[in-house]
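Asks: Just so it is clear, I am handing over model.cif, which has mmCIF, C-alpha atoms and all ligand atoms.
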```cif
data_my_file
#
loop_
_atom_site.group_PDB
_atom_site.id
_atom_site.type_symbol
_atom_site.label_atom_id
_atom_site.label_comp_id
_atom_site.auth_asym_id
_atom_site.auth_seq_id
_atom_site.Cartn_x
_atom_site.Cartn_y
_atom_site.Cartn_z
ATOM 1 C CA MET A 260 42.829 -4.893 -31.111
ATOM 2 C CA VAL A 261 46.482 -4.945 -30.172
ATOM 3 C CA ARG A 262 47.288 -7.247 -27.302
ATOM 4 C CA LEU A 263 50.186 -6.871 -24.934
ATOM 5 C CA SER A 264 52.778 -9.580 -25.094
ATOM 6 C CA THR A 265 54.169 -10.849 -21.812
ATOM 7 C CA SER A 266 57.629 -10.925 -23.432
ATOM 8 C CA PRO A 267 59.231 -7.565 -24.279
ATOM 9 C CA LEU A 268 61.418 -9.362 -26.862
ATOM 10 C CA ARG A 269 58.442 -10.993 -28.533
ATOM 11 C CA TRP A 270 56.688 -7.666 -28.404
ATOM 12 C CA ARG A 271 59.626 -5.924 -30.096
ATOM 13 C CA CYS A 272 59.861 -8.660 -32.767
ATOM 14 C CA ALA A 273 56.141 -8.369 -33.382
ATOM 15 C CA GLY A 274 56.684 -4.615 -33.755
ATOM 16 C CA VAL A 275 59.351 -5.163 -36.426
ATOM 17 C CA VAL A 276 57.092 -7.536 -38.356
ATOM 18 C CA ARG A 277 54.166 -5.151 -37.970
ATOM 19 C CA ARG A 278 56.192 -2.203 -39.202
ATOM 20 C CA ALA A 279 57.391 -4.238 -42.205
ATOM 21 C CA LEU A 280 53.809 -5.213 -43.056
ATOM 22 C CA ILE A 281 52.618 -1.651 -42.668
ATOM 23 C CA THR A 282 55.393 -0.463 -44.975
ATOM 24 C CA ILE A 283 54.415 -3.074 -47.597
ATOM 25 C CA VAL A 284 50.771 -2.063 -47.370
ATOM 26 C CA TRP A 285 51.796 1.591 -47.504
ATOM 27 C CA LEU A 286 53.783 1.002 -50.703
ATOM 28 C CA ALA A 287 51.043 -1.067 -52.320
ATOM 29 C CA TYR A 288 47.980 0.823 -51.133
ATOM 30 C CA PRO A 289 48.950 4.225 -49.754
ATOM 31 C CA HIS A 290 45.316 5.326 -49.798
ATOM 32 C CA ILE A 291 44.254 2.764 -47.172
ATOM 33 C CA SER A 292 47.283 2.566 -44.873
ATOM 34 C CA HIS A 293 46.006 5.223 -42.494
ATOM 35 C CA ALA A 294 43.004 3.087 -41.627
ATOM 36 C CA ALA A 295 45.447 0.988 -39.578
ATOM 37 C CA ASN A 296 45.881 3.650 -36.896
ATOM 38 C CA GLU A 297 45.001 1.244 -34.070
ATOM 39 C CA ASP A 298 48.250 -0.603 -34.788
ATOM 40 C CA PHE A 299 50.097 2.334 -33.266
ATOM 41 C CA VAL A 300 48.298 2.118 -29.934
ATOM 42 C CA THR A 301 48.822 -0.742 -27.509
ATOM 43 C CA PHE A 302 45.902 -1.308 -25.196
ATOM 44 C CA GLU A 303 44.539 -3.922 -22.864
ATOM 45 C CA ARG A 304 41.218 -4.032 -21.080
ATOM 46 C CA GLY A 305 41.392 -4.321 -17.305
ATOM 47 C CA SER A 306 39.273 -5.649 -14.480
ATOM 48 C CA LEU A 307 40.164 -3.013 -11.882
ATOM 49 C CA PRO A 308 39.245 0.705 -11.832
ATOM 50 C CA ILE A 309 42.875 1.617 -12.468
ATOM 51 C CA ILE A 310 44.015 2.934 -15.875
ATOM 52 C CA ILE A 311 47.717 3.154 -16.780
ATOM 53 C CA THR A 312 48.666 5.435 -19.674
ATOM 54 C CA ALA A 313 52.078 5.974 -21.289
ATOM 55 C CA PRO A 314 52.214 8.633 -24.019
ATOM 56 C CA HIS A 315 55.949 9.090 -24.557
ATOM 57 C CA GLY A 316 57.487 5.604 -24.588
ATOM 58 C CA GLY A 317 56.911 4.802 -28.282
ATOM 59 C CA GLU A 318 59.543 5.037 -31.011
ATOM 60 C CA GLU A 319 57.627 3.877 -34.078
ATOM 61 C CA LEU A 320 57.360 6.075 -37.155
ATOM 62 C CA ILE A 321 54.210 6.169 -39.277
ATOM 63 C CA PRO A 322 55.179 5.895 -42.952
ATOM 64 C CA GLY A 323 54.349 9.026 -44.890
ATOM 65 C CA VAL A 324 53.570 11.266 -41.905
ATOM 66 C CA GLY A 325 55.632 14.445 -41.484
ATOM 67 C CA LEU A 326 57.655 15.333 -38.397
ATOM 68 C CA ARG A 327 56.993 18.011 -35.776
ATOM 69 C CA GLY A 328 59.284 20.998 -35.491
ATOM 70 C CA CYS A 329 61.471 19.293 -32.930
ATOM 71 C CA GLY A 330 63.754 21.635 -30.999
ATOM 72 C CA THR A 331 61.998 24.762 -32.226
ATOM 73 C CA SER A 332 59.738 26.914 -30.067
ATOM 74 C CA GLY A 333 60.185 24.570 -27.133
ATOM 75 C CA VAL A 334 58.861 21.540 -29.039
ATOM 76 C CA ASN A 335 60.111 18.540 -27.050
ATOM 77 C CA CYS A 336 60.506 15.312 -29.031
ATOM 78 C CA ASN A 337 62.445 13.305 -26.434
ATOM 79 C CA THR A 338 61.284 9.754 -25.782
ATOM 80 C CA ASP A 339 60.522 8.889 -22.151
ATOM 81 C CA LEU A 340 62.836 5.902 -22.382
ATOM 82 C CA HIS A 341 61.374 2.522 -21.342
ATOM 83 C CA THR A 342 58.142 3.954 -19.951
ATOM 84 C CA ASP A 343 56.379 1.562 -22.366
ATOM 85 C CA LEU A 344 58.168 -1.360 -20.721
ATOM 86 C CA LEU A 345 57.337 0.116 -17.321
ATOM 87 C CA ALA A 346 53.620 0.349 -18.156
ATOM 88 C CA ASP A 347 53.646 -3.277 -19.284
ATOM 89 C CA ALA A 348 55.579 -4.434 -16.196
ATOM 90 C CA LEU A 349 53.394 -2.378 -13.862
ATOM 91 C CA ARG A 350 50.260 -3.946 -15.286
ATOM 92 C CA ASP A 351 51.630 -7.434 -14.653
ATOM 93 C CA ALA A 352 52.909 -6.525 -11.173
ATOM 94 C CA VAL A 353 49.581 -5.011 -10.088
ATOM 95 C CA ALA A 354 47.755 -8.068 -11.445
ATOM 96 C CA ALA A 355 50.111 -10.333 -9.477
ATOM 97 C CA ILE A 356 49.473 -8.450 -6.222
ATOM 98 C CA MET A 357 45.777 -7.693 -6.583
ATOM 99 C CA GLY A 358 44.595 -10.652 -8.634
ATOM 100 C CA GLN A 359 42.977 -8.269 -11.145
ATOM 101 C CA ALA A 360 44.685 -6.328 -13.924
ATOM 102 C CA PRO A 361 44.460 -2.598 -14.554
ATOM 103 C CA TYR A 362 43.641 -1.114 -17.964
ATOM 104 C CA VAL A 363 46.588 0.000 -20.116
ATOM 105 C CA VAL A 364 46.880 2.414 -23.054
ATOM 106 C CA MET A 365 50.252 3.198 -24.672
ATOM 107 C CA GLY A 366 50.987 5.464 -27.608
ATOM 108 C CA ASN A 367 53.570 3.825 -29.871
ATOM 109 C CA VAL A 368 54.296 6.680 -32.291
ATOM 110 C CA ASP A 369 57.604 8.480 -31.826
ATOM 111 C CA ARG A 370 57.313 11.910 -30.264
ATOM 112 C CA SER A 371 58.932 13.432 -33.369
ATOM 113 C CA GLN A 372 55.602 12.770 -35.130
ATOM 114 C CA ILE A 373 53.031 12.885 -32.306
ATOM 115 C CA ASP A 374 53.079 14.159 -28.731
ATOM 116 C CA TYR A 375 50.038 12.443 -27.242
ATOM 117 C CA ASN A 376 50.279 14.538 -24.078
ATOM 118 C CA ARG A 377 49.354 17.755 -25.880
ATOM 119 C CA PRO A 378 46.068 19.091 -27.211
ATOM 120 C CA ALA A 379 45.605 18.209 -30.893
ATOM 121 C CA SER A 380 46.588 21.732 -31.961
ATOM 122 C CA LEU A 381 50.086 21.201 -30.524
ATOM 123 C CA ALA A 382 50.437 17.414 -30.801
ATOM 124 C CA TYR A 383 51.440 17.135 -34.487
ATOM 125 C CA ASP A 384 52.262 19.268 -37.501
ATOM 126 C CA ASP A 385 51.068 16.939 -40.280
ATOM 127 C CA PRO A 386 47.250 16.569 -40.442
ATOM 128 C CA LEU A 387 47.814 12.958 -41.542
ATOM 129 C CA ALA A 388 48.824 12.265 -37.916
ATOM 130 C CA ALA A 389 45.348 13.180 -36.636
ATOM 131 C CA PRO A 390 43.719 9.702 -36.778
ATOM 132 C CA PHE A 391 46.710 8.173 -34.982
ATOM 133 C CA TYR A 392 46.530 10.785 -32.227
ATOM 134 C CA ASP A 393 42.765 10.305 -32.012
ATOM 135 C CA ALA A 394 43.144 6.522 -31.747
ATOM 136 C CA TYR A 395 45.153 6.921 -28.529
ATOM 137 C CA HIS A 396 42.761 9.358 -26.902
ATOM 138 C CA ASN A 397 39.649 7.534 -28.097
ATOM 139 C CA GLN A 398 40.991 4.411 -26.392
ATOM 140 C CA ILE A 399 41.618 6.245 -23.110
ATOM 141 C CA GLN A 400 38.150 7.810 -23.309
ATOM 142 C CA ALA A 401 36.597 4.395 -23.981
ATOM 143 C CA TYR A 402 38.278 2.929 -20.901
ATOM 144 C CA VAL A 403 37.401 5.966 -18.778
ATOM 145 C CA ASP A 404 33.780 5.583 -19.852
ATOM 146 C CA GLU A 405 33.818 1.843 -19.249
ATOM 147 C CA ALA A 406 35.444 2.140 -15.810
ATOM 148 C CA THR A 407 32.970 4.852 -14.833
ATOM 149 C CA ALA A 408 30.079 2.640 -15.934
ATOM 150 C CA ARG A 409 31.439 -0.439 -14.123
ATOM 151 C CA TRP A 410 32.672 1.099 -10.871
ATOM 152 C CA GLY A 411 31.580 4.723 -10.890
ATOM 153 C CA ALA A 412 35.155 6.013 -10.750
ATOM 154 C CA ALA A 413 38.787 5.167 -11.481
ATOM 155 C CA LEU A 414 42.390 6.044 -10.725
ATOM 156 C CA LEU A 415 44.460 7.044 -13.795
ATOM 157 C CA LEU A 416 48.252 6.884 -13.638
ATOM 158 C CA ASP A 417 50.035 8.692 -16.498
ATOM 159 C CA LEU A 418 53.627 7.401 -16.681
ATOM 160 C CA HIS A 419 56.476 9.657 -17.845
ATOM 161 C CA GLY A 420 60.232 10.015 -17.633
ATOM 162 C CA GLN A 421 62.511 12.956 -16.939
ATOM 163 C CA SER A 422 66.283 13.455 -16.912
ATOM 164 C CA SER A 423 66.732 16.679 -14.926
ATOM 165 C CA ALA A 424 66.710 14.864 -11.566
ATOM 166 C CA PRO A 425 67.890 11.320 -12.448
ATOM 167 C CA THR A 426 66.811 9.550 -9.256
ATOM 168 C CA THR A 427 63.712 11.606 -8.418
ATOM 169 C CA ILE A 428 60.031 10.794 -8.952
ATOM 170 C CA PHE A 429 57.835 13.860 -9.484
ATOM 171 C CA ARG A 430 54.111 14.057 -8.771
ATOM 172 C CA GLY A 431 51.859 16.012 -11.143
ATOM 173 C CA THR A 432 48.252 16.722 -10.134
ATOM 174 C CA GLN A 433 48.010 20.448 -10.872
ATOM 175 C CA ASN A 434 48.518 20.833 -7.130
ATOM 176 C CA GLY A 435 45.554 18.632 -6.342
ATOM 177 C CA ALA A 436 43.065 19.696 -9.022
ATOM 178 C CA THR A 437 43.263 16.433 -11.026
ATOM 179 C CA VAL A 438 42.704 14.351 -7.862
ATOM 180 C CA ALA A 439 39.980 16.532 -6.334
ATOM 181 C CA GLY A 440 37.681 13.511 -5.914
ATOM 182 C CA LEU A 441 40.164 11.713 -3.681
ATOM 183 C CA LEU A 442 40.922 14.927 -1.780
ATOM 184 C CA ALA A 443 37.228 15.559 -1.173
ATOM 185 C CA LEU A 444 36.755 12.016 0.113
ATOM 186 C CA TYR A 445 39.899 11.447 2.128
ATOM 187 C CA GLY A 446 41.877 14.705 2.344
ATOM 188 C CA PRO A 447 45.573 15.160 1.474
ATOM 189 C CA ASP A 448 46.507 11.791 3.029
ATOM 190 C CA ALA A 449 45.188 10.137 -0.134
ATOM 191 C CA ILE A 450 47.812 11.970 -2.199
ATOM 192 C CA THR A 451 50.743 12.328 0.152
ATOM 193 C CA GLY A 452 50.092 10.327 3.326
ATOM 194 C CA PRO A 453 51.946 7.137 4.328
ATOM 195 C CA ASN A 454 49.486 4.905 2.420
ATOM 196 C CA SER A 455 49.434 7.023 -0.748
ATOM 197 C CA ILE A 456 51.496 6.075 -3.812
ATOM 198 C CA PHE A 457 54.033 8.809 -3.108
ATOM 199 C CA GLY A 458 54.113 8.118 0.629
ATOM 200 C CA GLN A 459 54.808 4.462 -0.147
ATOM 201 C CA LEU A 460 57.520 5.302 -2.690
ATOM 202 C CA ALA A 461 59.195 7.648 -0.184
ATOM 203 C CA ASP A 462 58.977 4.924 2.453
ATOM 204 C CA ALA A 463 60.674 2.519 0.021
ATOM 205 C CA GLY A 464 63.625 4.920 -0.219
ATOM 206 C CA TYR A 465 62.839 6.827 -3.417
ATOM 207 C CA THR A 466 63.289 10.596 -3.579
ATOM 208 C CA VAL A 467 59.869 12.042 -4.334
ATOM 209 C CA LYS A 468 58.921 15.627 -5.136
ATOM 210 C CA PRO A 469 57.109 17.401 -3.624
ATOM 211 C CA ASP A 470 58.509 16.145 -0.326
ATOM 212 C CA VAL A 471 55.746 14.191 1.408
ATOM 213 C CA ASN A 472 57.072 15.267 4.818
ATOM 214 C CA LEU A 473 56.147 18.888 4.182
ATOM 215 C CA PRO A 474 52.699 20.152 5.174
ATOM 216 C CA TRP A 475 50.239 19.710 2.292
ATOM 217 C CA GLU A 476 49.965 23.473 1.847
ATOM 218 C CA SER A 477 53.724 23.685 1.216
ATOM 219 C CA GLN A 478 53.869 20.817 -1.268
ATOM 220 C CA ILE A 479 54.088 22.886 -4.438
ATOM 221 C CA GLU A 480 54.536 20.714 -7.530
ATOM 222 C CA ASP A 481 57.398 21.528 -9.911
ATOM 223 C CA PRO A 482 55.740 23.518 -12.735
ATOM 224 C CA GLU A 483 57.664 21.441 -15.309
ATOM 225 C CA TYR A 484 56.006 18.232 -14.092
ATOM 226 C CA ALA A 485 52.815 19.499 -12.472
ATOM 227 C CA GLY A 486 50.483 17.521 -14.729
ATOM 228 C CA GLY A 487 49.934 17.908 -18.480
ATOM 229 C CA PHE A 488 47.174 17.462 -21.025
ATOM 230 C CA THR A 489 46.248 13.868 -20.162
ATOM 231 C CA VAL A 490 45.666 14.294 -16.443
ATOM 232 C CA GLN A 491 43.995 17.652 -16.992
ATOM 233 C CA THR A 492 41.682 16.224 -19.675
ATOM 234 C CA TYR A 493 40.643 12.988 -17.980
ATOM 235 C CA GLY A 494 41.256 13.996 -14.343
ATOM 236 C CA ALA A 495 38.909 15.083 -11.595
ATOM 237 C CA GLY A 496 38.337 18.622 -12.844
ATOM 238 C CA ASN A 497 36.603 17.342 -15.990
ATOM 239 C CA THR A 498 34.861 14.291 -14.538
ATOM 240 C CA ASP A 499 33.096 15.472 -11.367
ATOM 241 C CA GLY A 500 35.939 13.935 -9.405
ATOM 242 C CA ARG A 501 35.247 10.452 -10.762
ATOM 243 C CA ILE A 502 38.563 9.988 -12.542
ATOM 244 C CA ASN A 503 41.473 10.889 -10.296
ATOM 245 C CA ALA A 504 44.576 11.288 -12.442
ATOM 246 C CA ILE A 505 48.227 11.501 -11.409
ATOM 247 C CA GLN A 506 51.170 12.226 -13.712
ATOM 248 C CA ILE A 507 54.261 10.411 -12.474
ATOM 249 C CA GLU A 508 57.712 11.397 -13.791
ATOM 250 C CA PHE A 509 60.424 8.807 -13.180
ATOM 251 C CA GLY A 510 64.100 9.871 -13.216
ATOM 252 C CA ILE A 511 66.265 8.376 -15.952
ATOM 253 C CA ASP A 512 68.491 6.398 -13.563
ATOM 254 C CA LEU A 513 65.448 4.511 -12.268
ATOM 255 C CA ARG A 514 64.694 3.349 -15.835
ATOM 256 C CA ASP A 515 68.270 2.619 -16.902
ATOM 257 C CA ILE A 516 68.581 -1.078 -17.661
ATOM 258 C CA THR A 517 72.166 -0.944 -19.021
ATOM 259 C CA GLY A 518 73.809 -1.605 -15.648
ATOM 260 C CA ASN A 519 70.786 -3.209 -14.049
ATOM 261 C CA PRO A 520 68.627 -5.348 -16.354
ATOM 262 C CA ALA A 521 66.055 -5.663 -13.565
ATOM 263 C CA ALA A 522 65.618 -1.886 -13.152
ATOM 264 C CA ILE A 523 62.215 -1.728 -14.848
ATOM 265 C CA ASP A 524 60.882 -4.777 -13.020
ATOM 266 C CA ASP A 525 62.179 -3.407 -9.697
ATOM 267 C CA LEU A 526 60.531 -0.053 -10.310
ATOM 268 C CA ALA A 527 57.302 -1.733 -11.442
ATOM 269 C CA ALA A 528 57.282 -3.876 -8.283
ATOM 270 C CA SER A 529 57.681 -0.794 -6.060
ATOM 271 C CA MET A 530 54.997 1.077 -7.995
ATOM 272 C CA ALA A 531 52.633 -1.896 -7.915
ATOM 273 C CA GLY A 532 52.989 -2.239 -4.150
ATOM 274 C CA ALA A 533 52.410 1.490 -3.731
ATOM 275 C CA THR A 534 49.418 1.431 -6.101
ATOM 276 C CA ALA A 535 47.820 -1.526 -4.314
ATOM 277 C CA THR A 536 48.223 0.172 -0.939
ATOM 278 C CA GLN A 537 46.806 3.407 -2.351
ATOM 279 C CA TYR A 538 43.870 1.610 -3.928
ATOM 280 C CA THR A 539 42.892 -0.392 -0.864
ATOM 281 C CA SER A 540 43.455 2.495 1.590
ATOM 282 C CA PHE A 541 41.569 5.066 -0.501
ATOM 283 C CA PRO A 542 39.006 3.258 -2.692
ATOM 284 C CA VAL A 543 38.021 5.411 -5.643
ATOM 285 C CA THR A 544 34.631 3.747 -5.854
ATOM 286 C CA ALA A 545 33.210 5.700 -2.900
ATOM 287 C CA ILE A 546 31.913 8.579 -4.978
ATOM 288 C CA PRO A 547 31.455 11.983 -3.431
ATOM 289 C CA GLU A 548 28.591 14.207 -4.475
ATOM 290 C CA PRO A 549 29.614 15.904 -7.740
ATOM 291 C CA SER A 550 28.699 19.334 -6.395
ATOM 292 C CA ALA A 551 31.021 18.904 -3.397
ATOM 293 C CA VAL A 552 33.865 17.866 -5.664
ATOM 294 C CA LEU A 553 33.283 20.761 -8.036
ATOM 295 C CA LEU A 554 33.356 23.191 -5.126
ATOM 296 C CA PHE A 555 36.479 21.576 -3.744
ATOM 297 C CA GLY A 556 38.119 21.467 -7.193
ATOM 298 C CA SER A 557 37.398 25.138 -7.823
ATOM 299 C CA GLY A 558 39.052 26.025 -4.530
ATOM 300 C CA LEU A 559 42.121 23.995 -5.472
ATOM 301 C CA ILE A 560 42.400 25.639 -8.896
ATOM 302 C CA LEU A 561 42.187 29.079 -7.268
ATOM 303 C CA LEU A 562 44.820 28.016 -4.754
ATOM 304 C CA SER A 563 47.153 26.768 -7.486
ATOM 305 C CA VAL A 564 46.765 30.057 -9.406
ATOM 306 C CA VAL A 565 47.708 31.976 -6.278
ATOM 307 C CA ARG A 566 50.664 29.638 -5.734
ATOM 308 C CA ARG A 567 51.884 30.057 -9.318
ATOM 309 C CA ARG A 568 51.976 33.825 -8.867
ATOM 310 C CA ARG A 569 54.360 33.539 -5.961
ATOM 311 C CA PRO A 570 58.028 33.987 -6.878
ATOM 312 C CA ARG A 571 59.845 30.655 -6.964
ATOM 313 C CA ARG A 572 62.510 29.953 -4.429
HETATM 314 ZN ZN ZN A 601 56.596 12.451 -20.880
#
```
Re-express the file's structure as structure tokens.
Ligand SMILES: [Zn+2]
Replies:
Amino acid sequence: MVRLSTSPLRWRCAGVVRRALITIVWLAYPHISHAANEDFVTFERGSLPIIITAPHGGEELIPGVGLRGCGTSGVNCNTDLHTDLLADALRDAVAAIMGQAPYVVMGNVDRSQIDYNRPASLAYDDPLAAPFYDAYHNQIQAYVDEATARWGAALLLDLHGQSSAPTTIFRGTQNGATVAGLLALYGPDAITGPNSIFGQLADAGYTVKPDVNLPWESQIEDPEYAGGFTVQTYGAGNTDGRINAIQIEFGIDLRDITGNPAAIDDLAASMAGATATQYTSFPVTAIPEPSAVLLFGSGLILLSVVRRRRPRR
């Protein structure tokens, strides 16, 4: 099991040593090197029903595994810069505020080899990448199963980065479908109200999209960031509302540590405060009846289909 280091530098150094060892093993015993797929996933068990995932922050290359067709047919291989550091910092910041740590799963393989936020058929070109992709998702599934067994439900935050709106934070829930459990329990306030993560971030001065001041019905998520494979797979639609999953896309300026070395820690502190307020205001452990959630979720999916058919402004 790979443990998180509290020091990013130590973590990086450990990564260099690990990569060197993997390369040596690869050269000496190429037939067994792929058994080490867990080395490319960083994970840490938590003691809160909150799971943080980060699929696009890694930059490690697996020796001997071919690349994806980056740049062709819309294949995006861009790293979500420093979202691995953000996941690590957010875990520590939540633990500091709440006294209990969330679960964390990070994919460390560079997106040129694996895109963890895609179904397997689109995630890699080389079949040798399959066990490394599976290791990431098996770990998320294990934590989802464990959290469900321990608390009955959990909140999953899938951390990403985007560059099109450098200071904006986008929400992705498939217009509510991946958080249908929270919506069924508490209504839109749990997603966009003053005590929600996005309401708190807006209150702290961040630009968030959709605008939390608009009526819920008008808060159409940007299709580019509306919630990908991870939140759709593990979110409310597939779990009777028990796992409520939110994709969060942080603008590049918010993650830029060149002019502000504290940028990641500042962002993690804001996110941790917002997450703690969300969690205590809208506890995920009050489970609605699965049938009610399914009904509610179906309505939301229908609504989002209707919304997608409308011409964009
Ligand atoms: Zn991403």
Asks: Residues at most 9 Å from Ser529 (chain A), counting all atoms listed in the file, excluding those fewer than 6 positions away in the same chain, as a list in words?
Replies: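 My reading of the contact set: Gln459, Leu460 and Ala463 of chain A.
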Asks: Calculated over all atoms listed in the file, which of the candidates A:Ile309, A:Ile479, A:Ala485, A:Leu387 has the smallest distance to ligand ZN 601 (chain A)?
Replies: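 For ligand ZN 601 (chain A), the nearest of the given residues is A:Ala485.
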Asks: Using the chain letters and numbers from the file, which residues does the PyMOL selection byres (((chain A and resi 468) around 10) and not hetatm) grab, as a list of chain:residue names?
Replies: A:Thr427, A:Ile428, A:Phe429, A:Arg430, A:Gly431, A:Phe457, A:Ala461, A:Tyr465, A:Thr466, A:Val467, A:Pro469, A:Asp470, A:Val471, A:Gln478, A:Ile479, A:Glu480, A:Asp481, A:Tyr484, A:Glu508
Asks: What residues of the protein or nucleic acid chains come within 8 Å of ligand ZN 601 (chain A) when you use only C-alpha atoms and all ligand atoms? Reply as a PDB file with C-alpha atoms, in the coordinates of the input.
Replies:
```pdb
ATOM      1  CA  ALA A 313      52.078   5.974 -21.289  1.00  0.00           C
ATOM      2  CA  PRO A 314      52.214   8.633 -24.019  1.00  0.00           C
ATOM      3  CA  HIS A 315      55.949   9.090 -24.557  1.00  0.00           C
ATOM      4  CA  GLY A 316      57.487   5.604 -24.588  1.00  0.00           C
ATOM      5  CA  THR A 338      61.284   9.754 -25.782  1.00  0.00           C
ATOM      6  CA  ASP A 339      60.522   8.889 -22.151  1.00  0.00           C
ATOM      7  CA  ASN A 376      50.279  14.538 -24.078  1.00  0.00           C
ATOM      8  CA  LEU A 418      53.627   7.401 -16.681  1.00  0.00           C
ATOM      9  CA  HIS A 419      56.476   9.657 -17.845  1.00  0.00           C
ATOM     10  CA  GLY A 420      60.232  10.015 -17.633  1.00  0.00           C
ATOM     11  CA  GLN A 421      62.511  12.956 -16.939  1.00  0.00           C
ATOM     12  CA  GLU A 508      57.712  11.397 -13.791  1.00  0.00           C
TER      13      GLU A 508
END
```
Asks: Which residue gives the smallest distance to His396 (chain A) among A:Thr451, A:Ser423, A:Thr342, A:Thr312, with all atoms listed in the file counted?
Replies: A:Thr312
Asks: Pull out every residue that the PyMOL selection byres (((chain A and resi 432) around 9) and not hetatm) matches in the shown coordinates and put them as a PyMOL selection string.
Replies: chain A and resi 430-431+433-438+480+484-487+490-491+494+503-506
Asks: Convert the output of the PyMOL selection byres (((chain A and resi 425) around 8) and not hetatm) on the shown file into explicit residues, formatted as an mmCIF file with C-alpha atoms, keeping the file's coordinate frame.
Replies:
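Final file, part.cif:
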```cif
data_model
loop_
_atom_site.group_PDB
_atom_site.id
_atom_site.type_symbol
_atom_site.label_atom_id
_atom_site.label_comp_id
_atom_site.auth_asym_id
_atom_site.auth_seq_id
_atom_site.Cartn_x
_atom_site.Cartn_y
_atom_site.Cartn_z
ATOM 1 C CA GLN A 421 62.511 12.956 -16.939
ATOM 2 C CA SER A 422 66.283 13.455 -16.912
ATOM 3 C CA SER A 423 66.732 16.679 -14.926
ATOM 4 C CA ALA A 424 66.710 14.864 -11.566
ATOM 5 C CA THR A 426 66.811 9.550 -9.256
ATOM 6 C CA THR A 427 63.712 11.606 -8.418
ATOM 7 C CA PHE A 509 60.424 8.807 -13.180
ATOM 8 C CA GLY A 510 64.100 9.871 -13.216
ATOM 9 C CA ILE A 511 66.265 8.376 -15.952
ATOM 10 C CA ASP A 512 68.491 6.398 -13.563
ATOM 11 C CA LEU A 513 65.448 4.511 -12.268
#
```
Asks: Could you tell me how far CA of Thr536 (chain A) lies from CA of Ile310 (chain A), in Å and to one decimal?
Replies: 15.8 Å
Asks: For a quick check of understanding, using all atoms listed in the file, which of A:Ser477, A:Thr544, A:Asn472, A:Gln372 has the smallest distance to Ala408 (chain A)?
Replies: A:Thr544
Asks: Could you please give me, as a PyMOL selection string, the residues of protein, DNA or RNA lying at most 7 Å from (39.5, 2.5, -12.4) in the coordinate frame of the file, considering all atoms listed in the file?
Replies: chain A and resi 307-310+406+412-415
Asks: As a ChimeraX atom specification, please: the residues near Cys329 (chain A) (cut-off 10 Å, all atoms listed in the file, same-chain neighbours under 4 positions excluded).
Replies: /A:333-337,370-372
Asks: Atoms to include: C-alpha atoms. Write the selected residues as a compact mmCIF listing (two decimals), keeping the file's coordinate frame.
Replies:
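Writing done, so here's selection_0.txt:
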```
# COMPACT_ATOMS: atom_id res chain seq x y z
CA GLY A 333 60.18 24.57 -27.13
CA VAL A 334 58.86 21.54 -29.04
CA ASN A 335 60.11 18.54 -27.05
CA CYS A 336 60.51 15.31 -29.03
CA ASN A 337 62.44 13.30 -26.43
CA ARG A 370 57.31 11.91 -30.26
CA SER A 371 58.93 13.43 -33.37
CA GLN A 372 55.60 12.77 -35.13
```
Asks: Hey, which of A:Pro474, A:Gly366, A:Gly464, A:Gly518 ends up closest to Asp448 (chain A)? Count all atoms listed in the file.
Replies: A:Pro474
Asks: Calculate how many Å separate CA of Tyr392 (chain A) from CA of Phe299 (chain A), rounding to one decimal.
Replies: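 Pair CA of Tyr392 (chain A) / CA of Phe299 (chain A) returns 9.2 Å.
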Asks: Counting only C-alpha atoms, which residue out of A:Gln400, A:Thr517, A:Thr331, A:Ser306 sits closest to Thr489 (chain A)?
Replies: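 Ranked by minimum distance to Thr489 (chain A), first place goes to A:Gln400.
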